[in-house]
>>> print(open('protein.cif').read())   # mmCIF, C-alpha atoms
data_run
loop_
_atom_site.label_atom_id
_atom_site.label_comp_id
_atom_site.auth_asym_id
_atom_site.auth_seq_id
_atom_site.Cartn_x
_atom_site.Cartn_y
_atom_site.Cartn_z
CA MET M 1 -3.44 -70.72 122.55
CA GLN M 2 -0.69 -68.51 123.84
CA LEU M 3 0.08 -65.37 121.79
CA PRO M 4 3.73 -64.43 121.42
CA ARG M 5 5.09 -61.44 123.30
CA TRP M 6 6.00 -59.53 120.11
CA TRP M 7 2.39 -59.65 118.96
CA GLU M 8 1.20 -58.26 122.25
CA LEU M 9 3.67 -55.41 122.08
CA GLY M 10 3.19 -54.62 118.41
CA ASP M 11 -0.59 -54.53 118.26
CA PRO M 12 -2.23 -51.37 119.66
CA CYS M 13 -5.24 -53.58 120.47
CA ALA M 14 -3.20 -56.21 122.29
CA TRP M 15 -4.74 -59.30 123.71
CA THR M 16 -5.13 -59.24 127.45
CA ARG M 17 -5.36 -61.96 130.05
CA LEU M 18 -9.02 -61.28 130.68
CA GLY M 19 -10.01 -64.07 128.34
CA TRP M 20 -9.75 -65.50 124.90
CA GLY M 21 -10.97 -63.06 122.24
CA ALA M 22 -11.32 -60.17 124.64
CA ARG M 23 -9.47 -57.04 123.44
CA LYS M 24 -8.78 -53.92 125.48
CA MET M 25 -7.10 -50.66 124.33
CA ASN M 26 -5.31 -48.11 126.47
CA PRO M 27 -6.89 -44.61 125.95
CA ALA M 28 -3.48 -43.00 125.46
CA THR M 29 -2.59 -45.64 122.89
CA ILE M 30 -5.88 -45.08 121.10
CA GLY M 31 -5.34 -41.33 120.98
CA THR M 32 -1.78 -41.62 119.67
CA PHE M 33 -2.77 -44.20 117.08
CA LEU M 34 -5.74 -42.20 115.76
CA LEU M 35 -3.73 -38.96 115.72
CA THR M 36 -0.96 -40.65 113.72
CA VAL M 37 -3.43 -42.12 111.23
CA TYR M 38 -5.22 -38.79 110.85
CA THR M 39 -1.94 -36.92 110.40
CA ILE M 40 -0.72 -39.31 107.72
CA PHE M 41 -3.94 -39.18 105.75
CA SER M 42 -4.24 -35.43 106.20
CA LYS M 43 -1.20 -34.89 103.98
CA VAL M 44 -3.58 -35.24 101.03
CA HIS M 45 -5.67 -32.14 101.69
CA SER M 46 -8.76 -30.97 99.96
CA ASP M 47 -8.50 -27.51 98.51
CA ARG M 48 -9.70 -24.65 100.67
CA ASP M 49 -11.96 -22.05 99.09
CA VAL M 50 -12.23 -18.41 100.10
CA TYR M 51 -14.55 -15.78 98.62
CA PRO M 52 -13.16 -12.23 98.88
CA SER M 53 -14.80 -9.24 97.22
CA ALA M 54 -13.17 -7.11 94.58
CA GLY M 55 -11.86 -3.82 95.96
CA VAL M 56 -12.01 -5.00 99.59
CA LEU M 57 -8.99 -5.97 101.65
CA PHE M 58 -8.37 -9.72 101.70
CA VAL M 59 -6.42 -11.26 104.59
CA HIS M 60 -5.60 -14.95 105.01
CA VAL M 61 -3.43 -16.15 107.88
CA LEU M 62 -1.16 -19.19 107.40
CA GLU M 63 -1.14 -20.62 110.90
CA ARG M 64 1.87 -22.65 111.92
CA GLU M 65 -0.21 -24.75 114.27
CA SER M 66 -2.19 -26.25 111.40
CA PHE M 67 1.05 -27.50 109.78
CA LYS M 68 2.98 -28.75 112.79
CA GLY M 69 1.25 -32.14 112.85
CA GLU M 70 2.20 -32.89 109.26
CA PHE M 71 5.93 -33.22 109.79
CA PRO M 72 7.36 -36.49 111.15
CA PRO M 73 8.05 -37.51 113.80
CA TYR M 74 4.37 -36.90 114.43
CA PRO M 75 3.66 -35.35 117.84
CA LYS M 76 1.92 -37.37 120.49
CA LEU M 77 -1.32 -36.37 122.08
CA GLY M 78 -0.74 -33.29 124.24
CA GLU M 79 2.83 -32.82 122.99
CA ILE M 80 3.79 -29.30 121.92
CA SER M 81 6.09 -28.81 118.94
CA ASN M 82 7.82 -25.52 118.17
CA ASP M 83 9.74 -26.25 115.00
CA PRO M 84 10.65 -23.28 112.77
CA ILE M 85 8.30 -23.26 109.77
CA THR M 86 8.41 -20.98 106.74
CA PHE M 87 6.00 -20.72 103.83
CA ASN M 88 6.35 -20.30 100.10
CA THR M 89 3.34 -19.08 98.13
CA ASN M 90 2.88 -18.91 94.39
CA LEU M 91 0.20 -18.97 91.74
CA MET M 92 -0.27 -22.49 90.45
CA GLY M 93 1.89 -22.96 87.39
CA TYR M 94 3.84 -19.74 88.01
CA PRO M 95 6.84 -18.88 90.20
CA ASP M 96 5.24 -15.91 91.98
CA ARG M 97 1.92 -14.66 93.29
CA PRO M 98 -0.58 -12.46 91.44
CA GLY M 99 0.31 -8.78 91.36
CA TRP M 100 -2.40 -7.78 93.85
CA LEU M 101 -1.46 -10.43 96.45
CA ARG M 102 1.35 -9.91 98.97
CA TYR M 103 2.86 -12.18 101.60
CA ILE M 104 4.76 -11.50 104.81
CA GLN M 105 6.28 -13.60 107.59
CA ARG M 106 8.70 -11.97 109.99
CA THR M 107 10.33 -15.05 111.55
CA PRO M 108 10.02 -18.84 111.18
CA TYR M 109 8.28 -18.83 114.56
CA SER M 110 5.46 -16.48 113.48
CA ASP M 111 2.45 -17.04 111.26
CA GLY M 112 2.50 -16.01 107.61
CA VAL M 113 -0.09 -13.66 106.14
CA LEU M 114 -1.43 -13.36 102.60
CA TYR M 115 -3.07 -9.99 101.98
CA GLY M 116 -4.05 -7.65 99.20
CA SER M 117 -6.91 -6.02 97.36
CA PRO M 118 -8.42 -8.17 94.58
CA THR M 119 -8.98 -6.42 91.28
CA ALA M 120 -12.16 -6.39 89.20
CA GLU M 121 -10.34 -8.03 86.28
CA ASN M 122 -10.16 -11.33 88.20
CA VAL M 123 -13.84 -11.51 89.14
CA GLY M 124 -15.24 -14.95 88.38
CA LYS M 125 -11.81 -16.49 87.73
CA PRO M 126 -10.62 -18.90 90.43
CA THR M 127 -7.09 -18.09 91.56
CA VAL M 128 -5.27 -21.16 92.91
CA ILE M 129 -2.42 -20.37 95.31
CA GLU M 130 0.01 -23.14 96.18
CA ILE M 131 1.16 -22.93 99.81
CA THR M 132 4.27 -24.93 100.66
CA ALA M 133 5.31 -25.20 104.28
CA TYR M 134 8.96 -25.96 105.13
CA ASN M 135 10.04 -27.40 108.46
CA ARG M 136 13.47 -25.84 108.96
CA ARG M 137 14.49 -28.47 111.53
CA THR M 138 13.56 -31.69 109.72
CA PHE M 139 13.49 -30.25 106.16
CA GLU M 140 10.09 -31.85 105.59
CA THR M 141 7.51 -30.11 103.39
CA ALA M 142 3.74 -30.00 103.21
CA ARG M 143 1.56 -28.41 100.56
CA HIS M 144 -1.91 -26.89 100.55
CA ASN M 145 -3.95 -25.25 97.82
CA LEU M 146 -5.91 -22.08 98.48
CA ILE M 147 -8.58 -21.31 95.90
CA ILE M 148 -9.50 -17.62 95.84
CA ASN M 149 -12.87 -17.00 94.23
CA ILE M 150 -13.13 -13.23 93.75
CA MET M 151 -16.70 -11.97 93.96
CA SER M 152 -17.99 -8.72 92.50
CA ALA M 153 -18.98 -6.05 95.02
CA GLU M 154 -22.27 -4.24 94.63
CA ASP M 155 -20.88 -0.79 95.37
CA PHE M 156 -17.38 -1.25 93.93
CA PRO M 157 -15.53 1.02 94.00
CA LEU M 158 -16.59 3.16 96.94
CA PRO M 159 -16.66 6.78 95.68
CA TYR M 160 -14.75 8.39 98.56
CA GLN M 161 -11.38 6.96 99.50
CA ALA M 162 -8.89 8.12 102.13
CA GLU M 163 -5.39 6.79 102.70
CA PHE M 164 -3.79 7.17 106.14
CA PHE M 165 -0.14 6.72 107.07
CA ILE M 166 0.23 5.14 110.52
CA LYS M 167 3.73 5.62 111.91
CA ASN M 168 3.66 3.28 114.92
CA MET M 169 2.60 0.07 113.17
CA ASN M 170 4.14 -2.66 111.05
CA VAL M 171 2.10 -4.24 108.32
CA GLU M 172 1.67 -7.60 110.07
CA GLU M 173 0.50 -5.82 113.22
CA MET M 174 -2.05 -3.81 111.26
CA LEU M 175 -3.37 -6.91 109.50
CA ALA M 176 -4.53 -8.40 112.80
CA SER M 177 -8.32 -8.40 112.79
CA GLU M 178 -8.67 -6.72 116.19
CA VAL M 179 -6.20 -3.93 115.36
CA LEU M 180 -7.74 -3.28 111.95
CA GLY M 181 -11.18 -3.31 113.53
CA ASP M 182 -10.12 -0.70 116.09
CA PHE M 183 -8.76 1.54 113.34
CA LEU M 184 -11.92 1.25 111.22
CA GLY M 185 -13.95 2.03 114.31
CA ALA M 186 -11.97 5.21 114.93
CA VAL M 187 -12.34 6.24 111.28
CA LYS M 188 -16.06 5.57 111.42
CA ASN M 189 -16.45 7.81 114.46
CA VAL M 190 -14.74 10.64 112.57
CA TRP M 191 -16.27 10.09 109.14
CA GLN M 192 -19.76 8.80 110.06
CA PRO M 193 -20.38 6.79 106.86
CA GLU M 194 -23.03 4.16 106.27
CA ARG M 195 -20.56 1.81 104.58
CA LEU M 196 -16.87 1.69 105.40
CA ASN M 197 -14.41 -0.86 104.06
CA ALA M 198 -10.67 -1.35 104.22
CA ILE M 199 -9.47 -1.32 100.62
CA ASN M 200 -5.76 -1.94 100.88
CA ILE M 201 -2.79 -2.02 103.26
CA THR M 202 0.75 -1.31 102.11
CA SER M 203 4.01 -1.31 104.04
CA ALA M 204 6.00 1.93 103.95
CA LEU M 205 8.96 -0.09 102.66
CA ASP M 206 6.98 -0.84 99.50
CA ARG M 207 6.58 2.91 98.99
CA GLY M 208 10.29 3.64 99.17
CA GLY M 209 10.54 4.06 102.94
CA ARG M 210 13.68 3.28 104.92
CA VAL M 211 14.18 0.38 107.25
CA PRO M 212 13.92 1.82 110.79
CA LEU M 213 16.78 1.62 113.23
CA PRO M 214 16.45 -1.14 115.85
CA ILE M 215 16.14 1.36 118.69
CA ASN M 216 13.22 2.60 120.76
CA ASP M 217 10.92 0.00 119.17
CA MET M 218 10.69 1.99 115.94
CA LYS M 219 8.22 0.77 113.32
CA GLU M 220 8.27 0.72 109.54
CA GLY M 221 4.94 2.47 109.14
CA VAL M 222 1.96 1.35 107.09
CA TYR M 223 -0.44 2.93 104.61
CA VAL M 224 -4.11 2.05 105.09
CA MET M 225 -6.67 2.93 102.43
CA VAL M 226 -10.35 2.97 103.38
CA GLY M 227 -13.41 3.75 101.33
CA ALA M 228 -16.83 5.12 102.26
CA ASP M 229 -20.08 6.08 100.58
CA VAL M 230 -20.41 9.61 102.00
CA PRO M 231 -18.25 12.73 101.43
CA PHE M 232 -15.28 13.42 103.65
CA SER M 233 -15.95 14.93 107.05
CA SER M 234 -14.79 18.40 107.99
CA CYS M 235 -12.15 16.91 110.29
CA LEU M 236 -10.51 14.98 107.47
CA ARG M 237 -10.46 18.10 105.30
CA GLU M 238 -8.74 20.20 107.97
CA VAL M 239 -5.37 19.14 106.59
CA GLU M 240 -6.19 20.95 103.32
CA ASN M 241 -6.47 24.43 104.87
CA PRO M 242 -3.56 26.85 104.22
CA GLN M 243 -2.36 26.92 107.83
CA ASN M 244 -1.90 23.17 108.00
CA GLN M 245 -0.37 23.06 104.54
CA LEU M 246 2.18 25.63 105.69
CA ARG M 247 2.97 23.61 108.80
CA CYS M 248 3.42 20.48 106.69
CA SER M 249 5.81 22.31 104.35
CA GLN M 250 7.87 23.26 107.43
CA GLU M 251 7.85 19.63 108.64
CA MET M 252 5.59 20.48 111.57
CA GLU M 253 2.55 18.55 112.70
CA PRO M 254 -0.74 20.07 111.52
CA VAL M 255 -3.49 20.90 113.96
CA ILE M 256 -6.28 18.31 113.53
CA THR M 257 -9.18 18.38 115.95
CA CYS M 258 -10.01 14.67 115.63
CA ASP M 259 -6.45 13.43 116.05
CA LYS M 260 -7.13 12.61 119.71
CA LYS M 261 -9.58 9.91 118.61
CA PHE M 262 -6.68 8.06 116.99
CA ARG M 263 -3.79 9.05 119.25
CA THR M 264 -4.54 6.50 121.96
CA GLN M 265 -3.51 3.65 119.62
CA PHE M 266 -2.53 5.03 116.22
CA TYR M 267 -0.03 7.80 115.41
CA ILE M 268 -1.17 9.22 112.08
CA ASP M 269 1.00 11.42 109.89
CA TRP M 270 -1.69 13.86 108.75
CA CYS M 271 0.63 15.49 106.24
CA LYS M 272 0.63 12.25 104.25
CA ILE M 273 -3.12 11.70 104.19
CA SER M 274 -4.61 11.35 100.72
CA LEU M 275 -8.27 12.10 99.96
CA VAL M 276 -9.63 10.86 96.64
CA ASP M 277 -13.10 11.77 95.37
CA LYS M 278 -14.00 9.33 92.60
CA THR M 279 -17.14 11.28 91.71
CA LYS M 280 -15.11 14.29 90.49
CA GLN M 281 -12.53 12.40 88.47
CA VAL M 282 -12.87 12.80 84.73
CA SER M 283 -12.59 9.56 82.86
CA THR M 284 -9.68 9.54 80.42
CA TYR M 285 -10.59 6.21 78.88
CA GLN M 286 -10.41 6.15 75.11
CA GLU M 287 -11.84 3.38 73.07
CA VAL M 288 -9.16 1.38 71.31
CA ILE M 289 -9.87 0.95 67.61
CA ARG M 290 -8.28 -2.25 66.48
CA GLY M 291 -7.01 -2.53 62.92
CA GLU M 292 -6.09 -5.44 60.80
CA GLY M 293 -2.69 -5.76 62.44
CA ILE M 294 -0.82 -5.03 59.21
CA LEU M 295 1.63 -2.14 59.05
CA PRO M 296 1.22 0.34 56.17
CA ASP M 297 3.39 -0.24 53.15
CA GLY M 298 6.49 1.94 53.38
CA GLY M 299 8.14 0.76 50.19
CA GLU M 300 11.08 -1.54 49.69
CA TYR M 301 13.72 -1.56 52.37
CA LYS M 302 16.99 -0.02 51.26
CA PRO M 303 19.96 -0.94 53.41
CA PRO M 304 22.97 1.41 53.59
CA SER M 305 25.66 1.06 50.95
CA ASP M 306 28.58 -1.27 51.56
CA SER M 307 31.09 1.13 49.99
CA LEU M 308 32.04 3.66 52.62
CA LYS M 309 34.02 6.82 51.78
CA SER M 310 37.65 6.51 52.86
CA ARG M 311 39.11 9.11 55.17
CA ASP M 312 42.73 10.25 55.47
CA TYR M 313 43.93 10.33 59.08
CA TYR M 314 47.54 11.41 58.27
CA THR M 315 46.90 15.09 59.03
CA ASP M 316 45.18 14.25 62.29
CA PHE M 317 48.09 12.03 63.26
CA LEU M 318 50.65 14.78 62.61
CA ILE M 319 48.69 17.37 64.53
CA THR M 320 48.28 14.97 67.45
CA LEU M 321 52.04 14.37 67.69
CA ALA M 322 53.52 17.65 66.41
CA VAL M 323 51.77 20.06 68.72
CA PRO M 324 52.69 18.33 72.02
CA SER M 325 56.25 17.70 70.75
CA ALA M 326 56.74 21.38 69.84
CA VAL M 327 55.48 22.53 73.21
CA ALA M 328 57.75 20.05 74.99
CA LEU M 329 60.76 21.20 72.94
CA VAL M 330 60.18 24.87 73.76
CA LEU M 331 59.87 24.11 77.45
CA PHE M 332 63.07 22.06 77.31
CA LEU M 333 65.03 24.91 75.69
CA ILE M 334 63.77 27.44 78.22
CA LEU M 335 64.73 25.19 81.11
CA ALA M 336 68.19 24.51 79.62
CA TYR M 337 68.85 28.23 79.16
CA ILE M 338 67.88 29.00 82.75
CA MET M 339 70.02 26.25 84.23
CA CYS M 340 73.11 26.54 81.99
CA CYS M 341 73.34 30.12 80.69
CA ARG M 342 71.96 32.12 83.59
CA ARG M 343 74.34 31.00 86.30
CA GLU M 344 75.14 33.80 88.77
CA GLY M 345 77.76 34.16 91.54
CA VAL M 346 80.65 32.43 89.75
CA GLU M 347 82.93 35.49 89.83
CA LYS M 348 82.14 36.20 93.47
CA ARG M 349 82.95 32.65 94.39
CA ASN M 350 86.28 32.77 92.60
CA MET M 351 87.24 36.01 94.37
CA GLN M 352 86.54 34.51 97.80
CA THR M 353 88.50 31.34 97.07
CA PRO M 354 92.25 31.42 97.97
CA GLU M 355 94.66 31.29 95.04
CA GLU M 356 96.39 28.19 96.41
CA GLN M 357 93.17 26.30 96.16
CA MET M 358 92.44 27.72 92.74
CA LYS M 359 95.83 26.42 91.51
CA ARG M 360 95.00 22.87 92.41
CA PRO M 361 93.62 21.20 89.30
CA PHE M 362 91.09 18.93 90.94
CA ILE M 363 89.77 21.75 93.11
CA HIS M 364 89.37 23.93 90.07
CA VAL M 365 87.52 21.24 88.23
CA PHE M 366 85.36 20.55 91.28
CA LEU M 367 84.50 24.22 91.67
CA ASN M 368 83.65 24.57 88.00
CA LEU M 369 81.34 21.63 88.25
CA GLN M 370 79.37 23.27 91.04
#
>>> encode(input="protein.cif", output="structure tokens")
Amino acid sequence: MQLPRWWELGDPCAWTRLGWGARKMNPATIGTFLLTVYTIFSKVHSDRDVYPSAGVLFVHVLERESFKGEFPPYPKLGEISNDPITFNTNLMGYPDRPGWLRYIQRTPYSDGVLYGSPTAENVGKPTVIEITAYNRRTFETARHNLIINIMSAEDFPLPYQAEFFIKNMNVEEMLASEVLGDFLGAVKNVWQPERLNAINITSALDRGGRVPLPINDMKEGVYVMVGADVPFSSCLREVENPQNQLRCSQEMEPVITCDKKFRTQFYIDWCKISLVDKTKQVSTYQEVIRGEGILPDGGEYKPPSDSLKSRDYYTDFLITLAVPSAVALVLFLILAYIMCCRREGVEKRNMQTPEEQMKRPFIHVFLNLQ
């Protein structure tokens, strides 16, 4: 039995001439076939669960590499694709994300980042984030679901919190795990706490900052809030002394002894540091007493009367027209008197004019008209 040529070309496990019933597959063909099958079936993804803690910075990177294989034409084994991919994130059933969750992606060729500080109000409530990836070359889309299960922290919130403003960083650079780890390490060397957590990261643009000029590799700046379980160190409190406060008011850099521990990688604006002691804050919470939801009886509603008192505008009309007209008339009379009745030099002109010319009628009329 001779198999047709189209069957041999179309079947990845083509019959060979080694014998009847013997099948042999090329390793490259096997890899391409399995990768295509896996890519097609991977478009139906299982939801991914993450478990951040309330009051602790949450960072989730949307890697472009994990989405590249989902857009046809599917890449072959070992083939590198660099299509521009952007992401859209929203809370399931809503057009936007939760208020505590932010998203940033600089260019279609960079990874996207979801970040924020979960609140205690959402503890125990799964938050489903829909992630839609767009291939800007083929206009294909792929969708994932990210389920955020917010856990309660044992020591939430940490009683001592400090917020630093770093001038030489953008938010996506600060969100990198190695950069954030270096910053927390520097803070730990200065503060010496037993527990230290990053609470939140905010771009300076979200605080009303200006977009930097595209010169000298200027950065937007980023606010980083950290919390610890021990009081602030003496170095962190140096910015509160009168000398440094005076220098800050004059837009000069304060003198901070521990600044050299950050200066190698992070340029901190010490005038913008914020130290918050939760143990000294007085609670202003007042218990809300709920009523029946019925407004007190204020009597029967009495609308205003339909009969309005008439007003005579005749006097106002006369005053509006008479006063400007009288002023204009007076000015007109003064101007006419000056131009017509106060003419000087007529007699002198007549004396200097020869009599022969004065006898000519048209000359006389012409001179009188001047």
>>> residues_around(input="protein.cif", residues="Gly55 (chain M)", least_positions_apart="4", cutoff="10 Å", atoms="all atoms listed in the file", output="list of chain:residue names")
M:Gly116, M:Ser117, M:Pro118, M:Thr119, M:Ala120, M:Ile150, M:Met151, M:Ser152, M:Ala153, M:Asp155, M:Phe156, M:Pro157, M:Leu158, M:Asn197, M:Ala198, M:Ile199, M:Asn200, M:Gly227
>>> atom_distance(input="protein.cif", atom1="CA of Tyr267 (chain M)", atom2="CA of Phe164 (chain M)")
10.0 Å
>>> closest_residue(input="protein.cif", among="M:Tyr223, M:Tyr313, M:Phe67, M:Tyr337", to="Ala133 (chain M)", atoms="only C-alpha atoms")
M:Phe67
>>> axis_aligned_box(input="protein.cif", around="region 274-279 of chain M", padding_each_side="5 Å", output="JSON")
{"center_x": -10.9, "center_y": 10.7, "center_z": 96.2, "size_x": 22.5, "size_y": 12.8, "size_z": 19.0}
>>> atom_distance(input="protein.cif", atom1="CA of Ile85 (chain M)", atom2="CA of Thr127 (chain M)")
24.4 Å
>>> resolve_selection(input="protein.cif", expression="the PyMOL selection byres ((chain M and resi 256-263) around 12)", output="PyMOL selection string")
chain M and resi 164-168+182-191+233-241+243-245+247+253-255+264-271+273
>>> closest_residue(input="protein.cif", among="M:Ile148, M:Ala228, M:Val211, M:Leu196", to="Tyr51 (chain M)", atoms="all atoms listed in the file")
M:Ile148
>>> atom_distance(input="protein.cif", atom1="CA of Asn82 (chain M)", atom2="CA of Glu140 (chain M)")
14.3 Å
>>> resolve_selection(input="protein.cif", expression="the PyMOL selection byres ((chain M and resi 90-95) around 7)", output="PDB file with C-alpha atoms, in the frame of the given file")
ATOM      1  CA  ASN M  88       6.350 -20.300 100.100  1.00  0.00           C
ATOM      2  CA  THR M  89       3.340 -19.080  98.130  1.00  0.00           C
ATOM      3  CA  ASP M  96       5.240 -15.910  91.980  1.00  0.00           C
ATOM      4  CA  ARG M  97       1.920 -14.660  93.290  1.00  0.00           C
ATOM      5  CA  PRO M  98      -0.580 -12.460  91.440  1.00  0.00           C
ATOM      6  CA  VAL M 128      -5.270 -21.160  92.910  1.00  0.00           C
ATOM      7  CA  ILE M 129      -2.420 -20.370  95.310  1.00  0.00           C
ATOM      8  CA  GLU M 130       0.010 -23.140  96.180  1.00  0.00           C
ATOM      9  CA  ILE M 131       1.160 -22.930  99.810  1.00  0.00           C
TER      10      ILE M 131
END
